[in-house]
file query_6.pdb (PDB, C-alpha atoms)
MODEL        1
ATOM      1  CA  MET A   1     -19.291 -13.731 -19.720
ATOM      2  CA  CYS A   2     -18.827 -10.118 -18.667
ATOM      3  CA  ASN A   3     -17.707  -9.526 -15.076
ATOM      4  CA  THR A   4     -19.138  -6.641 -13.065
ATOM      5  CA  LYS A   5     -16.508  -4.014 -12.460
ATOM      6  CA  LYS A   6     -15.537  -3.620  -8.817
ATOM      7  CA  THR A   7     -15.966  -0.056  -7.518
ATOM      8  CA  MET A   8     -15.228  -0.593  -3.821
ATOM      9  CA  LYS A   9     -12.376  -2.587  -2.325
ATOM     10  CA  ILE A  10     -13.588  -3.208   1.222
ATOM     11  CA  PHE A  11     -17.042  -3.418   2.788
ATOM     12  CA  ILE A  12     -17.156  -3.127   6.601
ATOM     13  CA  SER A  13     -19.978  -5.031   8.320
ATOM     14  CA  HIS A  14     -20.252  -4.130  12.003
ATOM     15  CA  SER A  15     -22.484  -2.906  14.797
ATOM     16  CA  SER A  16     -22.597   0.867  15.236
ATOM     17  CA  LYS A  17     -22.195   0.237  18.990
ATOM     18  CA  ASP A  18     -18.633  -0.922  18.271
ATOM     19  CA  LYS A  19     -17.752   2.317  16.462
ATOM     20  CA  SER A  20     -14.667   3.077  18.560
ATOM     21  CA  ILE A  21     -12.866  -0.146  17.592
ATOM     22  CA  ILE A  22     -14.013   0.035  13.968
ATOM     23  CA  ASP A  23     -12.749   3.617  13.625
ATOM     24  CA  ASN A  24      -9.346   2.517  14.914
ATOM     25  CA  PHE A  25      -9.219  -0.538  12.651
ATOM     26  CA  VAL A  26     -10.057   1.520   9.552
ATOM     27  CA  ASP A  27      -7.551   4.237  10.479
ATOM     28  CA  LYS A  28      -4.634   2.233  11.853
ATOM     29  CA  ILE A  29      -4.890  -1.067   9.957
ATOM     30  CA  LEU A  30      -6.492  -0.275   6.602
ATOM     31  CA  MET A  31      -5.622   3.349   5.835
ATOM     32  CA  LEU A  32      -2.370   4.135   7.599
ATOM     33  CA  GLY A  33      -0.994   0.584   7.866
ATOM     34  CA  CYS A  34      -2.000  -0.987   4.539
ATOM     35  CA  GLY A  35      -2.335   2.211   2.509
ATOM     36  CA  ILE A  36      -5.955   1.670   1.423
ATOM     37  CA  ASP A  37      -7.577   4.883   0.221
ATOM     38  CA  GLU A  38     -10.583   6.003   2.281
ATOM     39  CA  ASN A  39     -12.685   6.304  -0.897
ATOM     40  CA  GLU A  40     -12.377   2.538  -1.411
ATOM     41  CA  ILE A  41     -13.820   1.599   1.982
ATOM     42  CA  PHE A  42     -17.529   1.432   2.785
ATOM     43  CA  CYS A  43     -18.315   1.704   6.505
ATOM     44  CA  THR A  44     -21.777   2.680   7.741
ATOM     45  CA  SER A  45     -20.734   4.303  11.037
ATOM     46  CA  ILE A  46     -17.943   6.534   9.709
ATOM     47  CA  ASP A  47     -18.749   9.970   8.298
ATOM     48  CA  GLY A  48     -18.268  10.026   4.538
ATOM     49  CA  LEU A  49     -17.803   6.257   4.220
ATOM     50  CA  GLY A  50     -21.375   5.059   4.802
ATOM     51  CA  ILE A  51     -24.967   5.092   3.590
ATOM     52  CA  LYS A  52     -26.176   8.331   2.051
ATOM     53  CA  ASN A  53     -29.442   9.907   3.169
ATOM     54  CA  GLY A  54     -32.504   8.378   1.523
ATOM     55  CA  VAL A  55     -30.843   5.063   0.581
ATOM     56  CA  ASP A  56     -32.573   1.994   2.009
ATOM     57  CA  PHE A  57     -30.902  -1.170   3.284
ATOM     58  CA  ARG A  58     -31.481  -3.138   0.075
ATOM     59  CA  GLU A  59     -29.769  -0.485  -2.020
ATOM     60  CA  HIS A  60     -26.983  -0.344   0.554
ATOM     61  CA  ILE A  61     -26.330  -4.077   0.070
ATOM     62  CA  LYS A  62     -26.707  -3.970  -3.693
ATOM     63  CA  SER A  63     -24.496  -0.982  -4.504
ATOM     64  CA  ASN A  64     -21.727  -1.502  -1.970
ATOM     65  CA  LEU A  65     -21.408  -5.073  -0.726
ATOM     66  CA  LEU A  66     -21.915  -6.628  -4.148
ATOM     67  CA  SER A  67     -19.362  -4.317  -5.750
ATOM     68  CA  SER A  68     -16.657  -4.943  -3.144
ATOM     69  CA  ASP A  69     -13.675  -7.271  -3.272
ATOM     70  CA  TYR A  70     -13.798  -7.950   0.473
ATOM     71  CA  SER A  71     -16.420  -8.026   3.187
ATOM     72  CA  PHE A  72     -14.994  -7.664   6.691
ATOM     73  CA  LEU A  73     -17.311  -8.984   9.417
ATOM     74  CA  PHE A  74     -16.584  -7.629  12.912
ATOM     75  CA  ILE A  75     -18.388 -10.069  15.164
ATOM     76  CA  SER A  76     -19.126  -8.896  18.702
ATOM     77  CA  ASN A  77     -22.001  -9.441  21.107
ATOM     78  CA  ASN A  78     -23.526  -6.275  19.663
ATOM     79  CA  TYR A  79     -23.127  -7.679  16.142
ATOM     80  CA  LYS A  80     -24.873 -10.942  17.000
ATOM     81  CA  GLU A  81     -27.851  -9.031  18.414
ATOM     82  CA  SER A  82     -28.324  -6.883  15.298
ATOM     83  CA  ASP A  83     -30.676  -8.097  12.551
ATOM     84  CA  ILE A  84     -29.050  -5.754  10.031
ATOM     85  CA  CYS A  85     -25.584  -7.125  10.822
ATOM     86  CA  LEU A  86     -26.790 -10.717  10.492
ATOM     87  CA  ASN A  87     -28.414  -9.837   7.151
ATOM     88  CA  GLU A  88     -25.097  -8.375   5.975
ATOM     89  CA  MET A  89     -23.312 -11.521   7.097
ATOM     90  CA  GLY A  90     -25.727 -13.745   5.193
ATOM     91  CA  ALA A  91     -25.485 -11.608   2.071
ATOM     92  CA  SER A  92     -21.680 -11.697   2.277
ATOM     93  CA  TRP A  93     -21.500 -15.500   2.407
ATOM     94  CA  ALA A  94     -23.940 -15.725  -0.518
ATOM     95  CA  GLN A  95     -21.645 -13.864  -2.918
ATOM     96  CA  GLU A  96     -18.987 -16.041  -4.490
ATOM     97  CA  SER A  97     -17.196 -12.980  -5.877
ATOM     98  CA  VAL A  98     -16.709 -11.441  -2.412
ATOM     99  CA  ASN A  99     -13.827 -12.531  -0.179
ATOM    100  CA  VAL A 100     -15.262 -12.685   3.352
ATOM    101  CA  LYS A 101     -12.955 -11.867   6.290
ATOM    102  CA  PRO A 102     -14.585 -12.536   9.672
ATOM    103  CA  PHE A 103     -12.963 -11.067  12.793
ATOM    104  CA  ILE A 104     -14.201 -11.758  16.302
ATOM    105  CA  PHE A 105     -13.728  -9.445  19.258
ATOM    106  CA  PRO A 106     -11.342 -10.482  22.057
ATOM    107  CA  ASN A 107     -14.201 -11.259  24.451
ATOM    108  CA  ILE A 108     -15.957 -13.579  21.958
ATOM    109  CA  SER A 109     -15.095 -17.274  21.988
ATOM    110  CA  PHE A 110     -14.793 -19.297  18.790
ATOM    111  CA  ASP A 111     -17.403 -21.731  20.086
ATOM    112  CA  SER A 112     -19.996 -18.985  20.476
ATOM    113  CA  ILE A 113     -20.181 -18.306  16.720
ATOM    114  CA  GLY A 114     -21.387 -21.833  15.951
ATOM    115  CA  THR A 115     -21.194 -23.245  12.441
ATOM    116  CA  LEU A 116     -19.475 -20.148  11.107
ATOM    117  CA  TYR A 117     -16.226 -21.214  12.721
ATOM    118  CA  ASN A 118     -16.562 -24.763  11.435
ATOM    119  CA  VAL A 119     -16.749 -23.724   7.810
ATOM    120  CA  LYS A 120     -14.744 -20.538   7.411
ATOM    121  CA  GLN A 121     -11.509 -19.202   8.784
ATOM    122  CA  VAL A 122     -12.119 -16.723  11.592
ATOM    123  CA  SER A 123      -9.473 -14.488  13.148
ATOM    124  CA  LYS A 124      -9.283 -12.813  16.525
ATOM    125  CA  LEU A 125      -9.220  -9.054  16.126
ATOM    126  CA  ASN A 126      -6.288  -8.798  18.539
ATOM    127  CA  ASP A 127      -4.174 -11.505  16.874
ATOM    128  CA  SER A 128      -0.959  -9.919  15.578
ATOM    129  CA  SER A 129      -0.144 -12.753  13.135
ATOM    130  CA  SER A 130      -3.587 -12.555  11.512
ATOM    131  CA  LEU A 131      -3.183  -8.809  11.038
ATOM    132  CA  ASP A 132       0.249  -9.369   9.452
ATOM    133  CA  GLU A 133      -1.312 -11.875   7.034
ATOM    134  CA  LEU A 134      -4.006  -9.337   6.169
ATOM    135  CA  PHE A 135      -1.349  -6.687   5.522
ATOM    136  CA  ASP A 136       0.516  -9.002   3.129
ATOM    137  CA  GLU A 137      -2.672 -10.036   1.345
ATOM    138  CA  LEU A 138      -4.028  -6.517   0.797
ATOM    139  CA  THR A 139      -0.731  -4.918  -0.212
ATOM    140  CA  ASN A 140      -0.009  -7.770  -2.635
ATOM    141  CA  LYS A 141      -3.491  -7.742  -4.169
ATOM    142  CA  TYR A 142      -3.592  -3.999  -4.729
ATOM    143  CA  LYS A 143       0.133  -3.654  -5.496
ATOM    144  CA  ILE A 144       0.686  -1.183  -2.654
ATOM    145  CA  LYS A 145       4.266  -0.532  -1.617
ATOM    146  CA  LYS A 146       4.912  -2.199   1.736
ATOM    147  CA  LYS A 147       6.030   0.246   4.430
ATOM    148  CA  ILE A 148       6.968  -2.242   7.134
ATOM    149  CA  SER A 149       8.026   0.280   9.766
ATOM    150  CA  ARG A 150       4.792   2.242   9.413
ATOM    151  CA  TRP A 151       2.763  -0.974   9.414
ATOM    152  CA  ASN A 152       4.325  -2.250  12.630
ATOM    153  CA  LYS A 153       3.769   1.065  14.423
ATOM    154  CA  SER A 154       0.172   1.290  13.218
ATOM    155  CA  LYS A 155      -0.556  -2.315  14.128
ATOM    156  CA  ASP A 156       0.995  -1.968  17.589
ATOM    157  CA  SER A 157      -1.013   1.201  18.184
ATOM    158  CA  PHE A 158      -4.228  -0.627  17.261
ATOM    159  CA  LEU A 159      -3.365  -3.624  19.458
ATOM    160  CA  ASP A 160      -2.564  -1.307  22.379
ATOM    161  CA  PHE A 161      -5.945   0.363  21.960
ATOM    162  CA  ILE A 162      -7.906  -2.871  21.759
ATOM    163  CA  LYS A 163      -6.050  -4.390  24.706
ATOM    164  CA  PHE A 164      -7.677  -1.908  27.070
ATOM    165  CA  TYR A 165     -11.016  -1.775  25.317
ATOM    166  CA  SER A 166     -14.007  -3.471  26.933
ATOM    167  CA  ALA A 167     -17.155  -4.349  25.016
ATOM    168  CA  GLU A 168     -19.222  -2.648  27.689
ATOM    169  CA  ASP A 169     -17.635   0.715  26.849
ATOM    170  CA  SER A 170     -19.361   0.764  23.476
ATOM    171  CA  ASN A 171     -22.780   0.797  25.134
ATOM    172  CA  ASN A 172     -22.062   3.897  27.230
ATOM    173  CA  ILE A 173     -22.763   7.460  26.206
ATOM    174  CA  GLN A 174     -19.572   9.499  26.427
ATOM    175  CA  PRO A 175     -19.429  11.481  29.706
ATOM    176  CA  SER A 176     -19.619  15.225  30.239
ATOM    177  CA  PRO A 177     -16.326  17.091  30.861
ATOM    178  CA  ASN A 178     -16.802  16.837  34.627
ATOM    179  CA  ASP A 179     -17.579  13.121  34.473
ATOM    180  CA  PHE A 180     -14.787  12.432  31.994
ATOM    181  CA  PHE A 181     -11.986  14.315  33.756
ATOM    182  CA  GLY A 182     -13.252  13.047  37.102
ATOM    183  CA  GLU A 183     -12.019   9.610  36.014
ATOM    184  CA  PHE A 184      -8.432  10.926  35.998
ATOM    185  CA  VAL A 185      -8.417  11.751  39.730
ATOM    186  CA  LYS A 186      -9.989   8.545  40.987
ATOM    187  CA  GLU A 187      -8.029   6.174  43.190
ATOM    188  CA  ASN A 188      -6.274   3.452  41.131
ATOM    189  CA  ALA A 189      -6.952   5.315  37.859
ATOM    190  CA  SER A 190      -4.443   4.485  35.107
ATOM    191  CA  LEU A 191      -3.320   7.682  33.399
ATOM    192  CA  ASN A 192      -1.757   5.679  30.557
ATOM    193  CA  HIS A 193      -5.023   3.835  29.948
ATOM    194  CA  LEU A 194      -7.128   6.998  29.967
ATOM    195  CA  LEU A 195      -4.819   8.857  27.576
ATOM    196  CA  LEU A 196      -4.534   5.856  25.252
ATOM    197  CA  LYS A 197      -8.309   5.774  24.855
ATOM    198  CA  CYS A 198      -8.083   9.409  23.694
ATOM    199  CA  HIS A 199      -5.688   8.650  20.815
ATOM    200  CA  PRO A 200      -7.045  10.684  17.852
ATOM    201  CA  THR A 201      -8.021   8.663  14.795
ATOM    202  CA  LEU A 202      -7.686   9.968  11.251
ATOM    203  CA  LEU A 203     -11.391  10.782  11.255
ATOM    204  CA  ASP A 204     -11.075  12.634  14.554
ATOM    205  CA  CYS A 205      -8.285  14.721  13.039
ATOM    206  CA  LYS A 206     -10.484  15.348  10.010
ATOM    207  CA  LYS A 207     -13.115  16.840  12.335
ATOM    208  CA  ILE A 208     -10.629  19.025  14.213
ATOM    209  CA  PHE A 209      -8.122  20.155  11.579
ATOM    210  CA  SER A 210      -8.674  21.716   8.162
ATOM    211  CA  THR A 211      -8.439  19.709   4.953
ATOM    212  CA  GLU A 212      -4.811  20.556   4.213
ATOM    213  CA  HIS A 213      -3.632  19.694   7.731
ATOM    214  CA  TYR A 214      -5.611  16.763   9.193
ATOM    215  CA  SER A 215      -3.649  13.929   7.563
ATOM    216  CA  ASN A 216      -0.274  15.251   8.712
ATOM    217  CA  TYR A 217      -1.573  15.866  12.209
ATOM    218  CA  PHE A 218      -2.815  12.287  12.379
ATOM    219  CA  GLU A 219       0.669  10.993  11.552
ATOM    220  CA  TYR A 220       2.183  13.423  14.051
ATOM    221  CA  TYR A 221      -0.052  12.153  16.873
ATOM    222  CA  CYS A 222       0.524   8.517  15.961
ATOM    223  CA  LYS A 223       4.229   9.156  16.603
ATOM    224  CA  SER A 224       3.523  11.217  19.735
ATOM    225  CA  PHE A 225       1.365   8.522  21.286
ATOM    226  CA  VAL A 226       4.163   5.988  20.937
ATOM    227  CA  ASN A 227       5.945   8.003  23.646
ATOM    228  CA  ILE A 228       2.789   8.093  25.751
ATOM    229  CA  ASN A 229       2.460   4.328  25.468
ATOM    230  CA  GLU A 230       6.069   3.770  26.451
ATOM    231  CA  THR A 231       6.022   6.210  29.396
ATOM    232  CA  SER A 232       4.818   5.023  32.787
ATOM    233  CA  TYR A 233       2.771   7.900  34.195
ATOM    234  CA  GLU A 234       2.432   8.337  37.929
ATOM    235  CA  PRO A 235      -1.184   8.318  39.186
ATOM    236  CA  LEU A 236      -2.650  11.747  39.874
ATOM    237  CA  TYR A 237      -4.349  10.503  43.021
ATOM    238  CA  PRO A 238      -3.811  11.223  45.912
ATOM    239  CA  SER A 239      -1.614  14.309  45.354
ATOM    240  CA  LYS A 240      -4.086  15.715  42.796
ATOM    241  CA  LYS A 241      -7.718  15.140  43.765
ATOM    242  CA  HIS A 242      -9.323  18.114  42.007
ATOM    243  CA  PHE A 243      -9.437  19.537  38.512
ATOM    244  CA  ARG A 244     -10.402  22.725  36.678
ATOM    245  CA  VAL A 245     -11.603  22.780  33.066
ATOM    246  CA  THR A 246     -11.329  25.740  30.683
ATOM    247  CA  ARG A 247     -13.214  25.638  27.379
ATOM    248  CA  THR A 248     -13.011  27.634  24.166
ATOM    249  CA  ASP A 249     -13.814  27.112  20.488
ATOM    250  CA  THR A 250     -12.379  28.140  17.127
ATOM    251  CA  MET A 251     -14.437  31.305  16.854
ATOM    252  CA  GLU A 252     -13.438  32.466  20.334
ATOM    253  CA  LEU A 253      -9.788  31.822  19.501
ATOM    254  CA  LEU A 254     -10.141  33.932  16.359
ATOM    255  CA  ASN A 255     -11.797  36.740  18.316
ATOM    256  CA  GLY A 256      -9.464  36.631  21.318
ATOM    257  CA  ILE A 257     -12.253  35.707  23.754
ATOM    258  CA  ASN A 258     -10.463  33.007  25.760
ATOM    259  CA  ASN A 259      -7.723  32.181  28.261
ATOM    260  CA  PHE A 260      -5.816  29.843  25.944
ATOM    261  CA  THR A 261      -2.191  30.033  24.910
ATOM    262  CA  GLY A 262      -0.936  32.119  22.026
ATOM    263  CA  GLY A 263      -0.023  28.921  20.208
ATOM    264  CA  MET A 264      -3.692  27.935  19.880
ATOM    265  CA  VAL A 265      -4.636  31.447  18.782
ATOM    266  CA  GLY A 266      -1.858  31.412  16.182
ATOM    267  CA  LEU A 267      -3.051  28.120  14.698
ATOM    268  CA  ALA A 268      -6.633  29.375  14.548
ATOM    269  CA  ASN A 269      -5.526  32.533  12.726
ATOM    270  CA  LYS A 270      -3.576  30.433  10.223
ATOM    271  CA  GLY A 271      -6.651  28.302   9.408
ATOM    272  CA  VAL A 272      -5.322  25.075  10.947
ATOM    273  CA  PHE A 273      -8.562  24.319  12.846
ATOM    274  CA  ASN A 274     -12.019  23.724  11.447
ATOM    275  CA  TYR A 275     -14.824  25.990  12.624
ATOM    276  CA  ASN A 276     -17.177  24.911  15.442
ATOM    277  CA  VAL A 277     -14.565  22.806  17.264
ATOM    278  CA  ASP A 278     -14.539  22.967  21.083
ATOM    279  CA  PHE A 279     -11.212  22.796  22.933
ATOM    280  CA  TYR A 280     -10.649  21.985  26.610
ATOM    281  CA  ILE A 281      -7.684  22.568  28.910
ATOM    282  CA  VAL A 282      -7.739  20.638  32.187
ATOM    283  CA  GLU A 283      -5.634  21.418  35.264
ATOM    284  CA  PHE A 284      -5.302  18.737  37.946
ATOM    285  CA  LEU A 285      -5.026  20.412  41.336
ATOM    286  CA  GLU A 286      -3.975  19.641  44.864
ATOM    287  CA  LYS A 287      -6.789  21.795  46.266
ATOM    288  CA  GLU A 288      -9.958  23.089  44.684
ATOM    289  CA  ASN A 289      -8.765  26.691  44.889
ATOM    290  CA  SER A 290      -5.159  26.017  43.813
ATOM    291  CA  ARG A 291      -3.840  28.636  41.402
ATOM    292  CA  SER A 292      -2.088  26.072  39.197
ATOM    293  CA  GLY A 293      -1.428  22.363  38.813
ATOM    294  CA  ILE A 294      -0.584  19.733  36.195
ATOM    295  CA  ILE A 295      -1.968  20.987  32.868
ATOM    296  CA  TYR A 296      -3.130  18.821  29.946
ATOM    297  CA  ASN A 297      -3.561  20.910  26.831
ATOM    298  CA  VAL A 298      -5.782  20.238  24.795
ATOM    299  CA  PHE A 299      -8.755  17.856  24.617
ATOM    300  CA  CYS A 300     -11.622  17.865  22.118
ATOM    301  CA  TYR A 301     -14.948  16.048  21.990
ATOM    302  CA  VAL A 302     -15.559  14.807  18.436
ATOM    303  CA  ASN A 303     -17.232  11.775  16.837
ATOM    304  CA  GLU A 304     -18.911  11.006  20.195
ATOM    305  CA  ARG A 305     -15.622  10.497  22.019
ATOM    306  CA  TRP A 306     -12.969  12.444  23.930
ATOM    307  CA  VAL A 307      -9.724  13.033  22.034
ATOM    308  CA  PHE A 308      -6.355  14.286  23.297
ATOM    309  CA  ILE A 309      -4.293  16.443  20.906
ATOM    310  CA  PRO A 310      -1.308  17.513  23.031
ATOM    311  CA  LYS A 311       0.049  21.001  22.220
ATOM    312  CA  PRO A 312      -0.676  21.025  18.467
ATOM    313  CA  TRP A 313       1.438  24.166  17.963
ATOM    314  CA  ARG A 314       4.568  22.066  18.643
ATOM    315  CA  SER A 315       4.051  19.922  15.552
ATOM    316  CA  ASN A 316       6.938  20.228  13.080
ATOM    317  CA  THR A 317       4.312  19.706  10.376
ATOM    318  CA  THR A 318       2.517  22.828  11.555
ATOM    319  CA  HIS A 319       5.623  24.974  11.271
ATOM    320  CA  LYS A 320       6.375  23.694   7.780
ATOM    321  CA  GLN A 321       2.850  24.247   6.485
ATOM    322  CA  CYS A 322       1.960  27.443   8.299
ATOM    323  CA  GLY A 323       5.268  29.273   8.055
TER     324      GLY A 323
ENDMDL
END

call {"tool": "encode", "arguments": {"input": "query_6.pdb", "output": "structure tokens"}}
result
Amino acid sequence: MCNTKKTMKIFISHSSKDKSIIDNFVDKILMLGCGIDENEIFCTSIDGLGIKNGVDFREHIKSNLLSSDYSFLFISNNYKESDICLNEMGASWAQESVNVKPFIFPNISFDSIGTLYNVKQVSKLNDSSSLDELFDELTNKYKIKKKISRWNKSKDSFLDFIKFYSAEDSNNIQPSPNDFFGEFVKENASLNHLLLKCHPTLLDCKKIFSTEHYSNYFEYYCKSFVNINETSYEPLYPSKKHFRVTRTDTMELLNGINNFTGGMVGLANKGVFNYNVDFYIVEFLEKENSRSGIIYNVFCYVNERWVFIPKPWRSNTTHKQCG
């Protein structure tokens, strides 16, 4: 009997409303942590990894799920309310050749998934031991060299992100600059929490930085955000109750039509940024008309979320690649 050749390693079944967590899982756990190539992952909500235009759901199941080694089910309240997700779950269980890996979100109880839990092993998405087991299984199966230090950092970064994530966040449209930065100056606002949510994923970096630079920048910011996670930031409120936002984009940087630093202009001239990317500097001020304050430089809005890429011109990677 001739076996069908596998063309995809991992199929991701999830609700598009949970995109933020799925992006982080794919980036931190699968790609950076386990070393899985992005071309061997099928994920409907991630640019370049999903359904192509004109392909219907049946073809989507046939050509991707059935040719995968694994089907990862990310079960949330959003997932359970989606007919497409439930169809993907049913199709996954029906294939003996596919290894099904169900993960439930932190706010989902084992009891709430009914008979699924009684028959198959289900893991909590925020369970460190389960993620370690997944790392061992995938690296062993695909004969990928284990980079334990990188794995632990990537896993911890993912767990830090998910710890502060609430399921309700996935149902909200991302705020405007004024709404978003207004959160920073609210009473009892956690600066650590807000910055952590802005950790750039690999796919965010792919949107912001050019092809030859985005991967290295992603690694650079993974290391940088370790320091952010370990630093206890003082609240901005009440000493800083106001903010001022300055915006530019790649084309303005190239044409000198902006108030941004020379470092940003230099990177634009060296082709580090993609075109049509917007950049934001925010100053947190004591008074509305203050001449200066605490500056955060720079934020971007990509992939329907706010991302913080602190001072990209300071990256050692940048100096090596750009001269």

call {"tool": "residues_around", "arguments": {"input": "query_6.pdb", "residues": "region 269-279 of chain A", "least_positions_apart": "6", "cutoff": "12 Å", "atoms": "only C-alpha atoms", "output": "VMD selection string"}}
result
chain A and resid 177 204 to 217 245 to 256 258 to 263 296 to 303 306 to 313 315 317 to 319 321 to 323

call {"tool": "resolve_selection", "arguments": {"input": "query_6.pdb", "expression": "the PyMOL selection byres ((chain A and resi 31) around 12)", "output": "ChimeraX atom specification"}}
result
/A:10,23-30,32-41,135,138-139,144,150-151,154-155,201-203,215,218-219

call {"tool": "atom_distance", "arguments": {"input": "query_6.pdb", "atom1": "CA of His199 (chain A)", "atom2": "CA of Ser157 (chain A)"}}
result
9.2 Å

call {"tool": "resolve_selection", "arguments": {"input": "query_6.pdb", "expression": "the PyMOL selection byres ((chain A and resi 77) around 9)", "output": "compact mmCIF listing (two decimals) with C-alpha atoms, in the coordinates of the input"}}
result
# COMPACT_ATOMS: atom_id res chain seq x y z
CA ILE A 75 -18.39 -10.07 15.16
CA SER A 76 -19.13 -8.90 18.70
CA ASN A 78 -23.53 -6.28 19.66
CA TYR A 79 -23.13 -7.68 16.14
CA LYS A 80 -24.87 -10.94 17.00
CA GLU A 81 -27.85 -9.03 18.41
CA SER A 82 -28.32 -6.88 15.30
CA PHE A 105 -13.73 -9.44 19.26
CA ASN A 107 -14.20 -11.26 24.45
CA ILE A 108 -15.96 -13.58 21.96
CA ALA A 167 -17.16 -4.35 25.02

call {"tool": "resolve_selection", "arguments": {"input": "query_6.pdb", "expression": "the PyMOL selection byres ((chain A and resi 185-193) around 7)", "output": "list in words"}}
result
Phe164, Gly182, Glu183, Phe184, Leu194, Leu195, Leu196, Lys197, Asn229, Ser232, Tyr233, Pro235, Leu236, Tyr237, Lys240, Lys241 and His242 of chain A

call {"tool": "write_last_selection", "arguments": {"input": "query_6.pdb", "atoms": "C-alpha atoms", "output": "PDB file, in the frame of the given file"}}
result
ATOM      1  CA  PHE A 164      -7.677  -1.908  27.070  1.00  0.00           C
ATOM      2  CA  GLY A 182     -13.252  13.047  37.102  1.00  0.00           C
ATOM      3  CA  GLU A 183     -12.019   9.610  36.014  1.00  0.00           C
ATOM      4  CA  PHE A 184      -8.432  10.926  35.998  1.00  0.00           C
ATOM      5  CA  LEU A 194      -7.128   6.998  29.967  1.00  0.00           C
ATOM      6  CA  LEU A 195      -4.819   8.857  27.576  1.00  0.00           C
ATOM      7  CA  LEU A 196      -4.534   5.856  25.252  1.00  0.00           C
ATOM      8  CA  LYS A 197      -8.309   5.774  24.855  1.00  0.00           C
ATOM      9  CA  ASN A 229       2.460   4.328  25.468  1.00  0.00           C
ATOM     10  CA  SER A 232       4.818   5.023  32.787  1.00  0.00           C
ATOM     11  CA  TYR A 233       2.771   7.900  34.195  1.00  0.00           C
ATOM     12  CA  PRO A 235      -1.184   8.318  39.186  1.00  0.00           C
ATOM     13  CA  LEU A 236      -2.650  11.747  39.874  1.00  0.00           C
ATOM     14  CA  TYR A 237      -4.349  10.503  43.021  1.00  0.00           C
ATOM     15  CA  LYS A 240      -4.086  15.715  42.796  1.00  0.00           C
ATOM     16  CA  LYS A 241      -7.718  15.140  43.765  1.00  0.00           C
ATOM     17  CA  HIS A 242      -9.323  18.114  42.007  1.00  0.00           C
TER      18      HIS A 242
END

call {"tool": "closest_residue", "arguments": {"input": "query_6.pdb", "among": "A:Lys101, A:Lys19, A:His14, A:Lys287", "to": "Glu133 (chain A)", "atoms": "only C-alpha atoms"}}
result
A:Lys101

call {"tool": "residues_near_point", "arguments": {"input": "query_6.pdb", "point": "(-16.4, -3.6, 2.2)", "cutoff": "7 Å", "atoms": "only C-alpha atoms", "output": "PyMOL selection string"}}
result
chain A and resi 8-12+41-42+65+68+70-72

call {"tool": "atom_distance", "arguments": {"input": "query_6.pdb", "atom1": "CA of Glu283 (chain A)", "atom2": "CA of Ile257 (chain A)"}}
result
19.5 Å

call {"tool": "residues_around", "arguments": {"input": "query_6.pdb", "residues": "Ser130 (chain A)", "least_positions_apart": "4", "cutoff": "12 Å", "atoms": "all atoms listed in the file", "output": "PyMOL selection string"}}
result
chain A and resi 29+101-104+121-126+134-137+155+159

call {"tool": "atom_distance", "arguments": {"input": "query_6.pdb", "atom1": "CA of Phe161 (chain A)", "atom2": "CA of Val226 (chain A)"}}
result
11.6 Å

call {"tool": "axis_aligned_box", "arguments": {"input": "query_6.pdb", "around": "region 104-108 of chain A", "padding_each_side": "3 Å", "output": "lines of an AutoDock Vina configuration file"}}
result
center_x = -13.6
center_y = -11.5
center_z = 20.4
size_x = 10.6
size_y = 10.1
size_z = 14.1

call {"tool": "build_atoms", "arguments": {"input": "query_6.pdb", "residues": "region 146-155 of chain A", "atoms": "N, CA and C atoms", "output": "PDB file, keeping the file's coordinate frame"}}
result
ATOM      1  N   LYS A 146       4.919  -1.828   0.322  1.00  0.00           N
ATOM      2  CA  LYS A 146       4.912  -2.199   1.736  1.00  0.00           C
ATOM      3  C   LYS A 146       5.826  -1.264   2.529  1.00  0.00           C
ATOM      4  N   LYS A 147       5.247  -0.597   3.521  1.00  0.00           N
ATOM      5  CA  LYS A 147       6.030   0.246   4.430  1.00  0.00           C
ATOM      6  C   LYS A 147       6.016  -0.445   5.787  1.00  0.00           C
ATOM      7  N   ILE A 148       6.969  -1.338   5.982  1.00  0.00           N
ATOM      8  CA  ILE A 148       6.968  -2.242   7.134  1.00  0.00           C
ATOM      9  C   ILE A 148       7.035  -1.480   8.457  1.00  0.00           C
ATOM     10  N   SER A 149       7.890  -0.472   8.525  1.00  0.00           N
ATOM     11  CA  SER A 149       8.026   0.280   9.766  1.00  0.00           C
ATOM     12  C   SER A 149       6.710   0.951  10.139  1.00  0.00           C
ATOM     13  N   ARG A 150       6.077   1.584   9.152  1.00  0.00           N
ATOM     14  CA  ARG A 150       4.792   2.242   9.413  1.00  0.00           C
ATOM     15  C   ARG A 150       3.738   1.207   9.795  1.00  0.00           C
ATOM     16  N   TRP A 151       3.732   0.070   9.103  1.00  0.00           N
ATOM     17  CA  TRP A 151       2.763  -0.974   9.414  1.00  0.00           C
ATOM     18  C   TRP A 151       2.904  -1.442  10.861  1.00  0.00           C
ATOM     19  N   ASN A 152       4.115  -1.738  11.272  1.00  0.00           N
ATOM     20  CA  ASN A 152       4.325  -2.250  12.630  1.00  0.00           C
ATOM     21  C   ASN A 152       3.889  -1.239  13.683  1.00  0.00           C
ATOM     22  N   LYS A 153       4.182   0.039  13.469  1.00  0.00           N
ATOM     23  CA  LYS A 153       3.769   1.065  14.423  1.00  0.00           C
ATOM     24  C   LYS A 153       2.249   1.188  14.459  1.00  0.00           C
ATOM     25  N   SER A 154       1.629   1.167  13.284  1.00  0.00           N
ATOM     26  CA  SER A 154       0.172   1.290  13.218  1.00  0.00           C
ATOM     27  C   SER A 154      -0.503   0.081  13.850  1.00  0.00           C
ATOM     28  N   LYS A 155       0.016  -1.097  13.553  1.00  0.00           N
ATOM     29  CA  LYS A 155      -0.556  -2.315  14.128  1.00  0.00           C
ATOM     30  C   LYS A 155      -0.417  -2.322  15.641  1.00  0.00           C
TER      31      LYS A 155
END
